Amino acid sequence: MPIVAQSTETTDWVSRFADEVIEESERRAPGKPVVVASGLSPSGPIHLGNLREVMTPHLVADEIRRRGHTVRHLLSWDDYDRYRKVPVGIPGIDDSWAEHIGKPLTSVPAPKGSEHPNWAEHFKAAMVEALAELGVEYDGISQTEQYTSGVYRDQVLFAMKHRGDIDAILDQYRTKKGPAKKQQGQKPVDEAELEAAEGSGAAAEDDGSSVAGYYPYKPYCGQCEKDLTTVTSYDDETTELAYTCSACGFSETVRLSEFNRGKLVWKVDWPMRWAYEGVIFEPSGVDHSSPGSSFQVGGQIVGIFGGKQPIGPMYAFVGISGMAKMSSSKGGVPTPADALQIMEPQLLRWLYARRRPNQSFKIAFDQEIQRLYDEWDKLAGKVADGSVLPADAAAYARAVGTAAGELPRTPRPMPYRTLASVADITAGAEDQTLRILSELDPENPLASLDEARPRLDKAETWINTQVPAEERTVVRDEPDVDLLKSLDDQGRESLRLLLDGLERNWSLDGLTHLVYGVPKVQAGFPADATAKELPPEIKVSQRTFFALLYHLLVGRDTGPRLPTLLLAVGQDRVRKLLGA
C-alpha cells in the first residue's frame, strides 16, 4: 500500500497545485479526466534539468490520483523537431551528421553502434527506462506520429485559415527597430529561448514569417527532407500550398488537406496542443517566462483554437554538484540514467519533491551525495517515530511511492557513506564486503548482500565512476616501521588503548565509541564524556590521533570513517599495521 501524502492546506507545494488543478479542471471540463502535460525533445541526451519538466506534473498528477480522480499525464516526445546541430561529445557520430541538419529528428540516423532506428529513438530510450525506474506513469505521444498520420490535419488547416489573427499576435512581440541594448553577458530574448529550447520540449524554429507573407506551417522538403523551405503561396479554398527548398532547390505544390510532411511552427504548435488535448496543467522552464516567449505568446494564440492556457509554474534550473570527468554521461550533461546509477530512485524523487518548482537545487555526484543520504535516512527515522513535520512527511511519501504503490526499496538501508567506504576498501570483493557488513551490527548480522541492495550497488558505482583514482583508499601491505619507531610515549599509549579495546568493541557503534574515547581516556576523562564535559583541546588530540591511524593504515592524512575502515581492514591486519 502506498504511504498517503497529507493534503492539508499547510503541507507542500504539490498539494496546493493539486487543489488548483482539480478546481480548474472541474470548471473547464467537468466529469472528464484531469489532463497534465510535459514535453521533451530527444535532440540529444535528456538531462536532469529536463527531468523537472516531467517530475513537476508527475507529482501533481500523482497527488490528484491519490485523491481518487482520474488523471492523464501526457508526455509529448517532440521527435518531429528539426535537427539543429551536431552535438559535441556524442560517441558514434562525426562531422558527416551535419548533412542531416534541418531534418526531423526521426529522420536522422542514430549514432553508430546504436540498436535504435533513428536519432530520436536512441535518446528517448534511456529516458523511458529512467522514468520507469522512477515510477512515473504517463501517456507517451510521438509528435512524428501525430503529424505524419494526419491527427493534427484539421488543426493545421485551421491555423492556416486564421494565419492573419496569429500573425497579429506575433507581431506584437517582433522587433521593429533593431535589437534592444542588453547588459554584458545577457542574450536577446529570442536567442536565449532558442538555446534553452533545444532538448527541453520546445522546437527551435522561427515564427513562420516568409517573404510571401505569414504562414504558421513549415513543410519538410519532399526531396531532401529538410525544413529549409519557404511557403510561397496558399489557397484557403483548395488548400493548395506551394513551397521551395533553399537546401536542394526542390519545389512543389501540394494539397495541405492531404499532406502530412510538415508541422506548425513552435509558437503555434504548443498552444494548438493545449487546446487539442485540453491541458489543465503544464509547467515550463524559466526561459519561457520572458516577454515574447512561447509560453506568453501561446497564452494568446491558444484562444484562437478555442482553448485556454494551462496553469503552470515556471520551474528553476537544476544544477550538478561535482560530476567527475569519467562519468558515463555522453555529451557533457548528466542524465537521469547517470543519477540512477549512483542513487536510489527514492532519493532522486525526493530531490524534486521537496523543493518548490521556482527553487533551484543541485544534484550531487561528489561527496555531497553522502550528506544527502544522511539527511534522507534521518528523515526516514523521523517518519518512523512520528516526529516528522507535515510538509516533510508529504515529500517523503511522494519520494518512496506513488498512488499505485511503493517503489522497490533496499531491505536493510545501511548508511550510504559506510557502503561506499566498504566498496572502496574491498574493491567490490563480495566475500569481504559481506564479512564487513555483517560485523556492523553483530547482534543482527547481515545474512546476504541482497539485503543491502540496490543501495550497495549504487554506492559501489559511485566509488568506481565518480571518485578519482588518487582519492581511492589503498590499505598498506606492511607496517610503517619508521613511523612506529618515531612515536613518543603518548602515541604508543594511544595505540595500546585502541588495540586493547578492539575485540570487545568490534562493531560499528563499538569502534566509534572506542576511537573517539581513546584521547579522552588519555587526558583523564571517561571514554563516554560528552563534548560539554571536555576542554577544547580534546578535539585537537582526537584529530592528531585520527591522523596517526590514517597514516599507519592507508598512508594518508584522511580516509573513510575510521570505524568503517577498521572493520574493513579486519582485526588481524589492524593489529599488524598498528605494530602489535
# chains A, B, ... in the order shown; residues from 1 in each chain; ligands from 1
$ closest_atom_pairs --of "region 109-189 of chain A" --to "region 299-313 of chain A" --cutoff "9 Å" --atoms "only C-alpha atoms" --output "Markdown table"
| residue | atom | partner | partner_atom | distance |
| --- | --- | --- | --- | --- |
| A:Gln155 | CA | A:Phe305 | CA | 8.0 |
| A:Phe158 | CA | A:Phe305 | CA | 8.0 |
| A:Ala159 | CA | A:Phe305 | CA | 8.0 |
| A:His162 | CA | A:Ile304 | CA | 7.9 |
| A:Asp165 | CA | A:Ile304 | CA | 7.7 |
| A:Ile166 | CA | A:Ile301 | CA | 6.4 |
| A:Ile169 | CA | A:Ile301 | CA | 7.1 |
| A:Leu170 | CA | A:Ile301 | CA | 8.7 |
$ write_last_selection --atoms "C-alpha atoms" --output "PDB file, in the first residue's frame"
ATOM      1  CA  GLN A 155      -5.739  21.984 -36.576  1.00  0.00           C
ATOM      2  CA  PHE A 158      -7.494  25.932 -39.068  1.00  0.00           C
ATOM      3  CA  ALA A 159      -4.193  27.640 -38.233  1.00  0.00           C
ATOM      4  CA  HIS A 162      -6.557  32.058 -39.254  1.00  0.00           C
ATOM      5  CA  ASP A 165      -5.059  36.506 -36.474  1.00  0.00           C
ATOM      6  CA  ILE A 166      -1.994  34.544 -35.368  1.00  0.00           C
ATOM      7  CA  ILE A 169      -0.480  38.391 -32.056  1.00  0.00           C
ATOM      8  CA  LEU A 170       3.091  37.515 -33.009  1.00  0.00           C
TER       9      LEU A 170
END
$ residues_around --residues "Gly428 (chain A)" --least-positions-apart "6" --cutoff "12 Å" --atoms "only C-alpha atoms" --output "PyMOL selection string"
chain A and resi 419-422+434+436+449+456-464+568
$ write_last_selection --atoms "C-alpha atoms" --output "short mmCIF file (atom, residue, chain, number, x, y, z; two decimals), in the first residue's frame"
data_model
loop_
_atom_site.label_atom_id
_atom_site.label_comp_id
_atom_site.auth_asym_id
_atom_site.auth_seq_id
_atom_site.Cartn_x
_atom_site.Cartn_y
_atom_site.Cartn_z
CA LEU A 419 28.65 1.22 1.96
CA ALA A 420 30.80 3.50 -0.21
CA SER A 421 33.76 3.12 2.15
CA VAL A 422 33.42 -0.66 2.19
CA LEU A 434 29.67 -9.42 3.35
CA ILE A 436 32.46 -6.33 6.94
CA LEU A 449 24.37 -8.82 0.32
CA LEU A 456 25.09 -1.15 -2.03
CA ASP A 457 25.34 -1.35 -5.83
CA LYS A 458 24.66 2.39 -6.18
CA ALA A 459 27.39 3.23 -3.64
CA GLU A 460 29.85 0.90 -5.38
CA THR A 461 29.10 2.53 -8.74
CA TRP A 462 29.63 5.96 -7.20
CA ILE A 463 33.05 4.91 -5.92
CA ASN A 464 34.04 3.42 -9.26
CA ALA A 568 37.08 -3.31 6.59
#
$ select_by_dssp --residues "region 211-343 of chain A" --states "strand (DSSP E)" --output "MDAnalysis selection string"
chainID A and resid 213:214 217:219 229:234 240:245 251:255 262:264 284:285 314:315 318:321
$ atom_distance --atom1 "CA of Tyr234 (chain A)" --atom2 "CA of Gly102 (chain A)"
22.5 Å
$ residues_around --residues "Tyr215 (chain A)" --least-positions-apart "2" --cutoff "9 Å" --atoms "only C-alpha atoms" --output "ChimeraX atom specification"
/A:159-160,163-164,167,207-210,212-213,217-218,231,234,264-265
$ residues_around --residues "Trp350 (chain A)" --least-positions-apart "3" --cutoff "10 Å" --atoms "only C-alpha atoms" --output "PyMOL selection string"
chain A and resi 345-347+353-355+376+392+395-400
$ closest_atom_pairs --of "region 14-52 of chain A" --to "region 336-344 of chain A" --cutoff "10 Å" --atoms "only C-alpha atoms" --output "Markdown table"
| residue | atom | partner | partner_atom | distance |
| --- | --- | --- | --- | --- |
| A:Pro45 | CA | A:Pro336 | CA | 9.6 |
| A:Ile46 | CA | A:Pro336 | CA | 7.8 |
| A:His47 | CA | A:Pro336 | CA | 6.3 |
| A:Leu48 | CA | A:Pro336 | CA | 5.5 |
| A:Gly49 | CA | A:Pro336 | CA | 9.1 |
| A:Asn50 | CA | A:Pro336 | CA | 9.1 |
| A:Leu51 | CA | A:Pro336 | CA | 7.2 |
$ write_last_selection --atoms "C-alpha atoms" --output "short mmCIF file (atom, residue, chain, number, x, y, z; two decimals), in the first residue's frame"
data_model
loop_
_atom_site.label_atom_id
_atom_site.label_comp_id
_atom_site.auth_asym_id
_atom_site.auth_seq_id
_atom_site.Cartn_x
_atom_site.Cartn_y
_atom_site.Cartn_z
CA PRO A 45 20.90 13.31 -24.01
CA ILE A 46 17.83 14.27 -21.98
CA HIS A 47 19.38 15.71 -18.85
CA LEU A 48 18.43 16.17 -15.20
CA GLY A 49 17.18 19.69 -15.87
CA ASN A 50 14.73 18.29 -18.42
CA LEU A 51 13.57 15.79 -15.79
#
$ residues_around --residues "Gly68 (chain A)" --least-positions-apart "5" --cutoff "10 Å" --atoms "only C-alpha atoms" --output "list in words"
Asp62, Glu63 and Ala403 of chain A
$ residues_around --residues "Leu256 (chain A)" --least-positions-apart "3" --cutoff "7 Å" --atoms "only C-alpha atoms" --output "PyMOL selection string"
chain A and resi 239-241+259
